[in-house]
>>> print(open('run-v2.cif').read())   # mmCIF, N, CA and C atoms and all ligand atoms
data_protein
loop_
_atom_site.group_PDB
_atom_site.id
_atom_site.type_symbol
_atom_site.label_atom_id
_atom_site.label_comp_id
_atom_site.auth_asym_id
_atom_site.auth_seq_id
_atom_site.Cartn_x
_atom_site.Cartn_y
_atom_site.Cartn_z
ATOM 1 N N MET A 531 0.850 -1.189 0.000
ATOM 2 C CA MET A 531 0.000 0.000 0.000
ATOM 3 C C MET A 531 0.882 1.234 0.000
ATOM 4 N N LYS A 532 0.854 2.006 -1.066
ATOM 5 C CA LYS A 532 1.769 3.123 -1.189
ATOM 6 C C LYS A 532 1.280 4.381 -0.493
ATOM 7 N N ASP A 533 -0.016 4.468 -0.122
ATOM 8 C CA ASP A 533 -0.531 5.649 0.548
ATOM 9 C C ASP A 533 -0.173 5.661 2.028
ATOM 10 N N PHE A 534 0.171 4.517 2.550
ATOM 11 C CA PHE A 534 0.445 4.407 3.968
ATOM 12 C C PHE A 534 1.936 4.404 4.209
ATOM 13 N N ARG A 535 2.416 5.362 4.965
ATOM 14 C CA ARG A 535 3.833 5.386 5.302
ATOM 15 C C ARG A 535 4.037 5.808 6.736
ATOM 16 N N TYR A 536 4.911 5.108 7.425
ATOM 17 C CA TYR A 536 5.310 5.482 8.768
ATOM 18 C C TYR A 536 6.728 6.010 8.653
ATOM 19 N N LEU A 537 7.445 6.132 9.722
ATOM 20 C CA LEU A 537 8.831 6.574 9.662
ATOM 21 C C LEU A 537 9.660 5.554 8.889
ATOM 22 N N THR A 538 10.673 6.021 8.211
ATOM 23 C CA THR A 538 11.519 5.144 7.402
ATOM 24 C C THR A 538 12.471 4.350 8.290
ATOM 25 N N ASP A 539 12.561 3.075 8.013
ATOM 26 C CA ASP A 539 13.539 2.180 8.655
ATOM 27 C C ASP A 539 13.394 2.068 10.166
ATOM 28 N N VAL A 540 12.192 2.112 10.684
ATOM 29 C CA VAL A 540 12.022 1.951 12.128
ATOM 30 C C VAL A 540 11.140 0.763 12.499
ATOM 31 N N SER A 541 10.535 0.122 11.522
ATOM 32 C CA SER A 541 9.653 -0.989 11.828
ATOM 33 C C SER A 541 10.424 -2.107 12.519
ATOM 34 N N THR A 542 9.771 -2.746 13.483
ATOM 35 C CA THR A 542 10.391 -3.867 14.198
ATOM 36 C C THR A 542 10.179 -5.185 13.468
ATOM 37 N N LEU A 543 9.562 -5.137 12.312
ATOM 38 C CA LEU A 543 9.263 -6.350 11.552
ATOM 39 C C LEU A 543 10.544 -7.107 11.189
ATOM 40 N N ALA A 544 10.545 -8.416 11.445
ATOM 41 C CA ALA A 544 11.713 -9.241 11.117
ATOM 42 C C ALA A 544 11.243 -10.593 10.614
ATOM 43 N N LEU A 545 11.950 -11.124 9.656
ATOM 44 C CA LEU A 545 11.584 -12.406 9.055
ATOM 45 C C LEU A 545 12.781 -13.350 9.067
ATOM 46 N N ASP A 546 12.555 -14.576 9.527
ATOM 47 C CA ASP A 546 13.586 -15.611 9.492
ATOM 48 C C ASP A 546 13.209 -16.601 8.390
ATOM 49 N N LYS A 547 13.786 -16.419 7.227
ATOM 50 C CA LYS A 547 13.431 -17.259 6.080
ATOM 51 C C LYS A 547 13.816 -18.724 6.291
ATOM 52 N N GLU A 548 14.780 -18.967 7.139
ATOM 53 C CA GLU A 548 15.226 -20.342 7.364
ATOM 54 C C GLU A 548 14.107 -21.212 7.938
ATOM 55 N N ILE A 549 13.293 -20.652 8.806
ATOM 56 C CA ILE A 549 12.245 -21.456 9.438
ATOM 57 C C ILE A 549 10.872 -21.265 8.793
ATOM 58 N N CYS A 550 10.763 -20.335 7.851
ATOM 59 C CA CYS A 550 9.496 -20.138 7.130
ATOM 60 C C CYS A 550 9.124 -21.412 6.371
ATOM 61 N N VAL A 551 7.866 -21.832 6.509
ATOM 62 C CA VAL A 551 7.401 -23.044 5.820
ATOM 63 C C VAL A 551 6.557 -22.718 4.595
ATOM 64 N N GLY A 552 6.446 -21.441 4.260
ATOM 65 C CA GLY A 552 5.786 -21.050 3.019
ATOM 66 C C GLY A 552 4.281 -21.226 2.991
ATOM 67 N N CYS A 553 3.639 -21.067 4.140
ATOM 68 C CA CYS A 553 2.183 -21.254 4.178
ATOM 69 C C CYS A 553 1.428 -20.083 3.546
ATOM 70 N N GLY A 554 2.039 -18.916 3.509
ATOM 71 C CA GLY A 554 1.417 -17.753 2.889
ATOM 72 C C GLY A 554 0.462 -16.979 3.772
ATOM 73 N N LEU A 555 0.321 -17.393 5.030
ATOM 74 C CA LEU A 555 -0.626 -16.698 5.907
ATOM 75 C C LEU A 555 -0.246 -15.233 6.134
ATOM 76 N N CYS A 556 1.030 -14.951 6.220
ATOM 77 C CA CYS A 556 1.443 -13.557 6.467
ATOM 78 C C CYS A 556 0.997 -12.663 5.312
ATOM 79 N N GLU A 557 1.120 -13.152 4.093
ATOM 80 C CA GLU A 557 0.665 -12.374 2.938
ATOM 81 C C GLU A 557 -0.846 -12.186 2.984
ATOM 82 N N THR A 558 -1.544 -13.228 3.372
ATOM 83 C CA THR A 558 -3.007 -13.179 3.413
ATOM 84 C C THR A 558 -3.521 -12.177 4.439
ATOM 85 N N VAL A 559 -2.920 -12.155 5.609
ATOM 86 C CA VAL A 559 -3.471 -11.321 6.688
ATOM 87 C C VAL A 559 -2.935 -9.897 6.697
ATOM 88 N N CYS A 560 -1.840 -9.633 6.015
ATOM 89 C CA CYS A 560 -1.263 -8.286 6.070
ATOM 90 C C CYS A 560 -2.174 -7.281 5.359
ATOM 91 N N PRO A 561 -2.596 -6.235 6.066
ATOM 92 C CA PRO A 561 -3.505 -5.254 5.455
ATOM 93 C C PRO A 561 -2.803 -4.264 4.532
ATOM 94 N N HIS A 562 -1.467 -4.288 4.491
ATOM 95 C CA HIS A 562 -0.752 -3.289 3.702
ATOM 96 C C HIS A 562 0.185 -3.872 2.653
ATOM 97 N N GLY A 563 0.040 -5.134 2.350
ATOM 98 C CA GLY A 563 0.848 -5.718 1.284
ATOM 99 C C GLY A 563 2.337 -5.702 1.562
ATOM 100 N N VAL A 564 2.696 -5.816 2.824
ATOM 101 C CA VAL A 564 4.110 -5.776 3.205
ATOM 102 C C VAL A 564 4.806 -7.107 2.918
ATOM 103 N N MET A 565 4.062 -8.202 3.085
ATOM 104 C CA MET A 565 4.626 -9.545 2.942
ATOM 105 C C MET A 565 4.174 -10.166 1.620
ATOM 106 N N ARG A 566 5.058 -10.979 1.057
ATOM 107 C CA ARG A 566 4.692 -11.697 -0.167
ATOM 108 C C ARG A 566 5.362 -13.061 -0.154
ATOM 109 N N LEU A 567 4.627 -14.044 -0.666
ATOM 110 C CA LEU A 567 5.205 -15.371 -0.801
ATOM 111 C C LEU A 567 5.944 -15.440 -2.124
ATOM 112 N N ASN A 568 7.216 -15.792 -2.047
ATOM 113 C CA ASN A 568 8.052 -15.901 -3.245
ATOM 114 C C ASN A 568 8.547 -17.344 -3.314
ATOM 115 N N GLY A 569 7.901 -18.135 -4.145
ATOM 116 C CA GLY A 569 8.201 -19.562 -4.145
ATOM 117 C C GLY A 569 7.692 -20.197 -2.861
ATOM 118 N N LYS A 570 8.569 -20.797 -2.092
ATOM 119 C CA LYS A 570 8.170 -21.440 -0.843
ATOM 120 C C LYS A 570 8.635 -20.663 0.384
ATOM 121 N N LYS A 571 9.010 -19.405 0.166
ATOM 122 C CA LYS A 571 9.451 -18.583 1.285
ATOM 123 C C LYS A 571 8.786 -17.208 1.238
ATOM 124 N N ALA A 572 8.495 -16.691 2.423
ATOM 125 C CA ALA A 572 7.960 -15.332 2.500
ATOM 126 C C ALA A 572 9.099 -14.336 2.348
ATOM 127 N N GLU A 573 8.743 -13.126 1.919
ATOM 128 C CA GLU A 573 9.714 -12.040 1.885
ATOM 129 C C GLU A 573 9.021 -10.745 2.265
ATOM 130 N N ILE A 574 9.801 -9.838 2.792
ATOM 131 C CA ILE A 574 9.294 -8.510 3.142
ATOM 132 C C ILE A 574 9.539 -7.615 1.938
ATOM 133 N N ILE A 575 8.463 -7.154 1.307
ATOM 134 C CA ILE A 575 8.641 -6.367 0.087
ATOM 135 C C ILE A 575 8.448 -4.868 0.322
ATOM 136 N N ASP A 576 7.860 -4.488 1.470
ATOM 137 C CA ASP A 576 7.617 -3.057 1.718
ATOM 138 C C ASP A 576 7.698 -2.788 3.225
ATOM 139 N N PRO A 577 8.889 -2.835 3.798
ATOM 140 C CA PRO A 577 9.018 -2.715 5.257
ATOM 141 C C PRO A 577 8.456 -1.418 5.830
ATOM 142 N N ASP A 578 8.560 -0.319 5.089
ATOM 143 C CA ASP A 578 8.056 0.954 5.619
ATOM 144 C C ASP A 578 6.536 1.063 5.522
ATOM 145 N N GLY A 579 5.893 0.081 4.902
ATOM 146 C CA GLY A 579 4.443 0.039 4.881
ATOM 147 C C GLY A 579 3.871 -0.676 6.090
ATOM 148 N N CYS A 580 4.753 -1.240 6.897
ATOM 149 C CA CYS A 580 4.302 -2.012 8.064
ATOM 150 C C CYS A 580 3.803 -1.078 9.160
ATOM 151 N N MET A 581 2.579 -1.329 9.647
ATOM 152 C CA MET A 581 2.011 -0.536 10.738
ATOM 153 C C MET A 581 2.136 -1.262 12.070
ATOM 154 N N GLU A 582 2.871 -2.350 12.077
ATOM 155 C CA GLU A 582 3.126 -3.126 13.296
ATOM 156 C C GLU A 582 1.832 -3.554 13.974
ATOM 157 N N CYS A 583 0.887 -4.020 13.163
ATOM 158 C CA CYS A 583 -0.392 -4.468 13.713
ATOM 159 C C CYS A 583 -0.266 -5.818 14.397
ATOM 160 N N GLY A 584 0.725 -6.604 13.995
ATOM 161 C CA GLY A 584 0.966 -7.891 14.638
ATOM 162 C C GLY A 584 0.247 -9.076 14.014
ATOM 163 N N ALA A 585 -0.530 -8.855 12.964
ATOM 164 C CA ALA A 585 -1.323 -9.941 12.381
ATOM 165 C C ALA A 585 -0.443 -11.056 11.815
ATOM 166 N N CYS A 586 0.643 -10.693 11.179
ATOM 167 C CA CYS A 586 1.528 -11.719 10.603
ATOM 168 C C CYS A 586 2.178 -12.535 11.709
ATOM 169 N N ASP A 587 2.649 -11.876 12.732
ATOM 170 C CA ASP A 587 3.283 -12.547 13.870
ATOM 171 C C ASP A 587 2.290 -13.503 14.530
ATOM 172 N N THR A 588 1.084 -13.044 14.744
ATOM 173 C CA THR A 588 0.067 -13.855 15.413
ATOM 174 C C THR A 588 -0.296 -15.091 14.605
ATOM 175 N N ASN A 589 -0.325 -14.967 13.301
ATOM 176 C CA ASN A 589 -0.807 -16.058 12.450
ATOM 177 C C ASN A 589 0.292 -16.974 11.921
ATOM 178 N N CYS A 590 1.522 -16.576 11.995
ATOM 179 C CA CYS A 590 2.604 -17.438 11.500
ATOM 180 C C CYS A 590 2.708 -18.688 12.377
ATOM 181 N N PRO A 591 2.617 -19.873 11.784
ATOM 182 C CA PRO A 591 2.599 -21.105 12.575
ATOM 183 C C PRO A 591 3.954 -21.496 13.162
ATOM 184 N N VAL A 592 5.018 -20.866 12.684
ATOM 185 C CA VAL A 592 6.350 -21.264 13.164
ATOM 186 C C VAL A 592 7.157 -20.083 13.718
ATOM 187 N N GLN A 593 6.488 -18.973 13.932
ATOM 188 C CA GLN A 593 7.154 -17.762 14.458
ATOM 189 C C GLN A 593 8.331 -17.314 13.588
ATOM 190 N N ALA A 594 8.163 -17.456 12.283
ATOM 191 C CA ALA A 594 9.217 -17.005 11.370
ATOM 192 C C ALA A 594 9.178 -15.491 11.187
ATOM 193 N N VAL A 595 8.015 -14.910 11.327
ATOM 194 C CA VAL A 595 7.890 -13.457 11.206
ATOM 195 C C VAL A 595 7.532 -12.903 12.578
ATOM 196 N N ARG A 596 8.292 -11.902 13.006
ATOM 197 C CA ARG A 596 8.110 -11.337 14.335
ATOM 198 C C ARG A 596 8.017 -9.818 14.228
ATOM 199 N N VAL A 597 7.173 -9.249 15.054
ATOM 200 C CA VAL A 597 7.033 -7.801 15.103
ATOM 201 C C VAL A 597 6.557 -7.433 16.501
ATOM 202 N N THR A 598 6.936 -6.261 16.953
ATOM 203 C CA THR A 598 6.462 -5.782 18.243
ATOM 204 C C THR A 598 5.237 -4.925 18.004
ATOM 205 N N PRO A 599 4.038 -5.455 18.261
ATOM 206 C CA PRO A 599 2.821 -4.717 17.939
ATOM 207 C C PRO A 599 2.677 -3.456 18.773
ATOM 208 N N GLY A 600 2.082 -2.449 18.155
ATOM 209 C CA GLY A 600 1.728 -1.244 18.887
ATOM 210 C C GLY A 600 2.823 -0.213 18.984
ATOM 211 N N VAL A 601 3.997 -0.473 18.414
ATOM 212 C CA VAL A 601 5.076 0.510 18.476
ATOM 213 C C VAL A 601 4.804 1.666 17.529
ATOM 214 N N GLY A 602 4.176 1.381 16.410
ATOM 215 C CA GLY A 602 3.872 2.423 15.431
ATOM 216 C C GLY A 602 3.023 3.522 16.038
ATOM 217 N N CYS A 603 3.361 4.763 15.720
ATOM 218 C CA CYS A 603 2.676 5.910 16.316
ATOM 219 C C CYS A 603 1.508 6.318 15.420
ATOM 220 N N ALA A 604 0.303 5.971 15.821
ATOM 221 C CA ALA A 604 -0.875 6.263 15.007
ATOM 222 C C ALA A 604 -1.081 7.760 14.839
ATOM 223 N N ALA A 605 -0.794 8.535 15.875
ATOM 224 C CA ALA A 605 -0.968 9.986 15.793
ATOM 225 C C ALA A 605 -0.067 10.579 14.718
ATOM 226 N N TYR A 606 1.174 10.101 14.668
ATOM 227 C CA TYR A 606 2.108 10.607 13.658
ATOM 228 C C TYR A 606 1.613 10.276 12.259
ATOM 229 N N ILE A 607 1.178 9.059 12.062
ATOM 230 C CA ILE A 607 0.717 8.620 10.748
ATOM 231 C C ILE A 607 -0.462 9.465 10.276
ATOM 232 N N ILE A 608 -1.411 9.705 11.152
ATOM 233 C CA ILE A 608 -2.598 10.486 10.789
ATOM 234 C C ILE A 608 -2.193 11.917 10.441
ATOM 235 N N GLN A 609 -1.227 12.452 11.187
ATOM 236 C CA GLN A 609 -0.790 13.823 10.904
ATOM 237 C C GLN A 609 -0.085 13.931 9.560
ATOM 238 N N THR A 610 0.630 12.884 9.168
ATOM 239 C CA THR A 610 1.269 12.938 7.847
ATOM 240 C C THR A 610 0.226 13.015 6.747
ATOM 241 N N TRP A 611 -0.915 12.406 6.964
ATOM 242 C CA TRP A 611 -1.995 12.463 5.980
ATOM 243 C C TRP A 611 -2.610 13.862 5.933
ATOM 244 N N ILE A 612 -2.794 14.461 7.105
ATOM 245 C CA ILE A 612 -3.513 15.730 7.202
ATOM 246 C C ILE A 612 -2.593 16.922 6.941
ATOM 247 N N ARG A 613 -1.395 16.912 7.542
ATOM 248 C CA ARG A 613 -0.517 18.092 7.514
ATOM 249 C C ARG A 613 0.707 17.916 6.623
ATOM 250 N N GLY A 614 0.932 16.719 6.152
ATOM 251 C CA GLY A 614 2.132 16.457 5.371
ATOM 252 C C GLY A 614 3.259 16.005 6.281
ATOM 253 N N LYS A 615 4.188 15.251 5.741
ATOM 254 C CA LYS A 615 5.243 14.657 6.544
ATOM 255 C C LYS A 615 6.147 15.705 7.200
ATOM 256 N N GLU A 616 6.353 16.851 6.519
ATOM 257 C CA GLU A 616 7.248 17.878 7.047
ATOM 258 C C GLU A 616 6.706 18.501 8.330
ATOM 259 N N ASN A 617 5.390 18.529 8.472
ATOM 260 C CA ASN A 617 4.772 19.205 9.617
ATOM 261 C C ASN A 617 4.176 18.237 10.632
ATOM 262 N N ALA A 618 4.448 16.984 10.489
ATOM 263 C CA ALA A 618 3.839 16.004 11.382
ATOM 264 C C ALA A 618 4.710 15.723 12.590
ATOM 265 N N SER A 619 4.046 15.480 13.709
ATOM 266 C CA SER A 619 4.736 14.984 14.905
ATOM 267 C C SER A 619 3.696 14.188 15.675
ATOM 268 N N CYS A 620 4.144 13.395 16.616
ATOM 269 C CA CYS A 620 3.179 12.558 17.332
ATOM 270 C C CYS A 620 2.484 13.346 18.437
ATOM 271 N N GLY A 621 3.004 14.541 18.770
ATOM 272 C CA GLY A 621 2.361 15.363 19.789
ATOM 273 C C GLY A 621 2.839 15.087 21.192
ATOM 274 N N ASP A 622 3.669 14.086 21.375
ATOM 275 C CA ASP A 622 4.210 13.762 22.680
ATOM 276 C C ASP A 622 5.651 14.289 22.745
ATOM 277 N N VAL A 623 5.890 15.255 23.601
ATOM 278 C CA VAL A 623 7.220 15.866 23.648
ATOM 279 C C VAL A 623 8.283 14.881 24.123
ATOM 280 N N ASN A 624 7.884 13.796 24.741
ATOM 281 C CA ASN A 624 8.848 12.815 25.207
ATOM 282 C C ASN A 624 9.101 11.716 24.191
ATOM 283 N N CYS A 625 8.437 11.847 23.061
ATOM 284 C CA CYS A 625 8.547 10.812 22.040
ATOM 285 C C CYS A 625 9.410 11.356 20.895
ATOM 286 N N CYS A 626 9.113 10.915 19.664
ATOM 287 C CA CYS A 626 9.890 11.323 18.501
ATOM 288 C C CYS A 626 9.649 12.783 18.187
HETATM 289 S S1 LIG B 1 2.679 -6.285 11.378
HETATM 290 FE FE1 LIG B 1 0.760 -6.007 10.192
HETATM 291 S S2 LIG B 1 1.289 -4.454 8.645
HETATM 292 FE FE2 LIG B 1 3.236 -5.266 9.434
HETATM 293 S S3 LIG B 1 3.792 -6.914 8.015
HETATM 294 FE FE3 LIG B 1 2.661 -7.828 9.740
HETATM 295 S S4 LIG B 1 0.519 -7.919 9.066
HETATM 296 FE FE4 LIG B 1 1.616 -6.474 7.706
HETATM 297 S S1 LIG B 2 3.135 -17.054 7.929
HETATM 298 FE FE1 LIG B 2 5.225 -17.633 8.624
HETATM 299 S S2 LIG B 2 5.600 -19.669 7.748
HETATM 300 FE FE2 LIG B 2 3.826 -18.796 6.660
HETATM 301 S S3 LIG B 2 4.763 -17.821 4.816
HETATM 302 FE FE3 LIG B 2 4.611 -16.240 6.429
HETATM 303 S S4 LIG B 2 6.609 -16.263 7.487
HETATM 304 FE FE4 LIG B 2 6.440 -18.174 6.306
#
>>> encode(input="run-v2.cif", output="structure tokens", more="lines below")
Ligand code: SF4
Ligand code: SF4
Amino acid sequence: MKDFRYLTDVSTLALDKEICVGCGLCETVCPHGVMRLNGKKAEIIDPDGCMECGACDTNCPVQAVRVTPGVGCAAYIIQTWIRGKENASCGDVNCC
């Protein structure tokens, strides 16, 4: 999903291809098209599209894909839509 962007290179999303069994569930449940099955292994095709919802982590049968849910700042994301990325902040002075 190209309309959705969080901060660049901060997602906690991680994939261990060695233990991936290629079930495709991560691709199926991801709401932003971040994961894709390539042959018999998953791959991360759009890491900055990850909103850290945790759906892939929850549904992966072998814990090959891991993410820390809830780290993504929803306030920041919404502000980038409304005010543009240059003027967005999460509103918490103790945060980013
Ligand atoms: S945490 Fe959510 S948005 Fe990120 S890759 Fe997994 S399912 Fe997709
Ligand atoms: S859900 Fe897990 S095992 Fe299935 S394709 Fe994705 S990473 Fe691989």
>>> closest_residue(input="run-v2.cif", among="A:Glu573, A:Asp546, A:Asp587, A:Glu616", to="ligand LIG 1 (chain B)", atoms="all atoms listed in the file")
A:Asp587
>>> closest_atom_pairs(input="run-v2.cif", of="chain A", to="ligand LIG 2 (chain B)", cutoff="6 Å", atoms="all atoms listed in the file", output="CSV")
residue,atom,partner,partner_atom,distance
A:Ile549,C,B:LIG2,S2,5.6
A:Cys550,CA,B:LIG2,FE4,3.7
A:Val551,N,B:LIG2,S2,3.4
A:Gly552,CA,B:LIG2,S3,3.8
A:Cys553,N,B:LIG2,FE2,3.4
A:Gly554,N,B:LIG2,S3,3.2
A:Leu555,N,B:LIG2,S1,4.1
A:Cys556,N,B:LIG2,S1,3.4
A:Glu557,N,B:LIG2,FE3,5.2
A:Lys571,C,B:LIG2,S3,5.4
A:Ala572,N,B:LIG2,S3,4.6
A:Cys586,C,B:LIG2,S1,6.0
A:Asn589,C,B:LIG2,S1,4.9
A:Cys590,CA,B:LIG2,S1,3.6
A:Pro591,N,B:LIG2,FE1,4.7
A:Val592,N,B:LIG2,S2,5.1
A:Gln593,N,B:LIG2,FE1,5.6
A:Ala594,C,B:LIG2,S4,4.6
A:Val595,N,B:LIG2,S4,4.3
>>> closest_residue(input="run-v2.cif", among="A:Trp611, A:Cys560, A:Pro577, A:Arg566", to="ligand LIG 1 (chain B)", atoms="only C-alpha atoms and all ligand atoms")
A:Cys560
>>> residues_near_ligand(input="run-v2.cif", ligand="ligand LIG 1 (chain B)", cutoff="8 Å", atoms="all atoms listed in the file", output="ChimeraX atom specification")
/A:542-544,555-565,574,576-577,579-588,595-600
>>> axis_aligned_box(input="run-v2.cif", around="range 565-577 of chain A", padding_each_side="3 Å", output="JSON")
{"center_x": 6.9, "center_y": -11.4, "center_z": 0.8, "size_x": 11.7, "size_y": 26.0, "size_z": 16.0}
>>> decode(input="run-v2.cif", residues="range 577-598 of chain A", atoms="N, CA and C atoms", output="PDB file, in the first residue's frame")
ATOM      1  N   PRO A 577       8.889  -2.835   3.798  1.00  0.00           N
ATOM      2  CA  PRO A 577       9.018  -2.715   5.257  1.00  0.00           C
ATOM      3  C   PRO A 577       8.456  -1.418   5.830  1.00  0.00           C
ATOM      4  N   ASP A 578       8.560  -0.319   5.089  1.00  0.00           N
ATOM      5  CA  ASP A 578       8.056   0.954   5.619  1.00  0.00           C
ATOM      6  C   ASP A 578       6.536   1.063   5.522  1.00  0.00           C
ATOM      7  N   GLY A 579       5.893   0.081   4.902  1.00  0.00           N
ATOM      8  CA  GLY A 579       4.443   0.039   4.881  1.00  0.00           C
ATOM      9  C   GLY A 579       3.871  -0.676   6.090  1.00  0.00           C
ATOM     10  N   CYS A 580       4.753  -1.240   6.897  1.00  0.00           N
ATOM     11  CA  CYS A 580       4.302  -2.012   8.064  1.00  0.00           C
ATOM     12  C   CYS A 580       3.803  -1.078   9.160  1.00  0.00           C
ATOM     13  N   MET A 581       2.579  -1.329   9.647  1.00  0.00           N
ATOM     14  CA  MET A 581       2.011  -0.536  10.738  1.00  0.00           C
ATOM     15  C   MET A 581       2.136  -1.262  12.070  1.00  0.00           C
ATOM     16  N   GLU A 582       2.871  -2.350  12.077  1.00  0.00           N
ATOM     17  CA  GLU A 582       3.126  -3.126  13.296  1.00  0.00           C
ATOM     18  C   GLU A 582       1.832  -3.554  13.974  1.00  0.00           C
ATOM     19  N   CYS A 583       0.887  -4.020  13.163  1.00  0.00           N
ATOM     20  CA  CYS A 583      -0.392  -4.468  13.713  1.00  0.00           C
ATOM     21  C   CYS A 583      -0.266  -5.818  14.397  1.00  0.00           C
ATOM     22  N   GLY A 584       0.725  -6.604  13.995  1.00  0.00           N
ATOM     23  CA  GLY A 584       0.966  -7.891  14.638  1.00  0.00           C
ATOM     24  C   GLY A 584       0.247  -9.076  14.014  1.00  0.00           C
ATOM     25  N   ALA A 585      -0.530  -8.855  12.964  1.00  0.00           N
ATOM     26  CA  ALA A 585      -1.323  -9.941  12.381  1.00  0.00           C
ATOM     27  C   ALA A 585      -0.443 -11.056  11.815  1.00  0.00           C
ATOM     28  N   CYS A 586       0.643 -10.693  11.179  1.00  0.00           N
ATOM     29  CA  CYS A 586       1.528 -11.719  10.603  1.00  0.00           C
ATOM     30  C   CYS A 586       2.178 -12.535  11.709  1.00  0.00           C
ATOM     31  N   ASP A 587       2.649 -11.876  12.732  1.00  0.00           N
ATOM     32  CA  ASP A 587       3.283 -12.547  13.870  1.00  0.00           C
ATOM     33  C   ASP A 587       2.290 -13.503  14.530  1.00  0.00           C
ATOM     34  N   THR A 588       1.084 -13.044  14.744  1.00  0.00           N
ATOM     35  CA  THR A 588       0.067 -13.855  15.413  1.00  0.00           C
ATOM     36  C   THR A 588      -0.296 -15.091  14.605  1.00  0.00           C
ATOM     37  N   ASN A 589      -0.325 -14.967  13.301  1.00  0.00           N
ATOM     38  CA  ASN A 589      -0.807 -16.058  12.450  1.00  0.00           C
ATOM     39  C   ASN A 589       0.292 -16.974  11.921  1.00  0.00           C
ATOM     40  N   CYS A 590       1.522 -16.576  11.995  1.00  0.00           N
ATOM     41  CA  CYS A 590       2.604 -17.438  11.500  1.00  0.00           C
ATOM     42  C   CYS A 590       2.708 -18.688  12.377  1.00  0.00           C
ATOM     43  N   PRO A 591       2.617 -19.873  11.784  1.00  0.00           N
ATOM     44  CA  PRO A 591       2.599 -21.105  12.575  1.00  0.00           C
ATOM     45  C   PRO A 591       3.954 -21.496  13.162  1.00  0.00           C
ATOM     46  N   VAL A 592       5.018 -20.866  12.684  1.00  0.00           N
ATOM     47  CA  VAL A 592       6.350 -21.264  13.164  1.00  0.00           C
ATOM     48  C   VAL A 592       7.157 -20.083  13.718  1.00  0.00           C
ATOM     49  N   GLN A 593       6.488 -18.973  13.932  1.00  0.00           N
ATOM     50  CA  GLN A 593       7.154 -17.762  14.458  1.00  0.00           C
ATOM     51  C   GLN A 593       8.331 -17.314  13.588  1.00  0.00           C
ATOM     52  N   ALA A 594       8.163 -17.456  12.283  1.00  0.00           N
ATOM     53  CA  ALA A 594       9.217 -17.005  11.370  1.00  0.00           C
ATOM     54  C   ALA A 594       9.178 -15.491  11.187  1.00  0.00           C
ATOM     55  N   VAL A 595       8.015 -14.910  11.327  1.00  0.00           N
ATOM     56  CA  VAL A 595       7.890 -13.457  11.206  1.00  0.00           C
ATOM     57  C   VAL A 595       7.532 -12.903  12.578  1.00  0.00           C
ATOM     58  N   ARG A 596       8.292 -11.902  13.006  1.00  0.00           N
ATOM     59  CA  ARG A 596       8.110 -11.337  14.335  1.00  0.00           C
ATOM     60  C   ARG A 596       8.017  -9.818  14.228  1.00  0.00           C
ATOM     61  N   VAL A 597       7.173  -9.249  15.054  1.00  0.00           N
ATOM     62  CA  VAL A 597       7.033  -7.801  15.103  1.00  0.00           C
ATOM     63  C   VAL A 597       6.557  -7.433  16.501  1.00  0.00           C
ATOM     64  N   THR A 598       6.936  -6.261  16.953  1.00  0.00           N
ATOM     65  CA  THR A 598       6.462  -5.782  18.243  1.00  0.00           C
ATOM     66  C   THR A 598       5.237  -4.925  18.004  1.00  0.00           C
TER      67      THR A 598
END
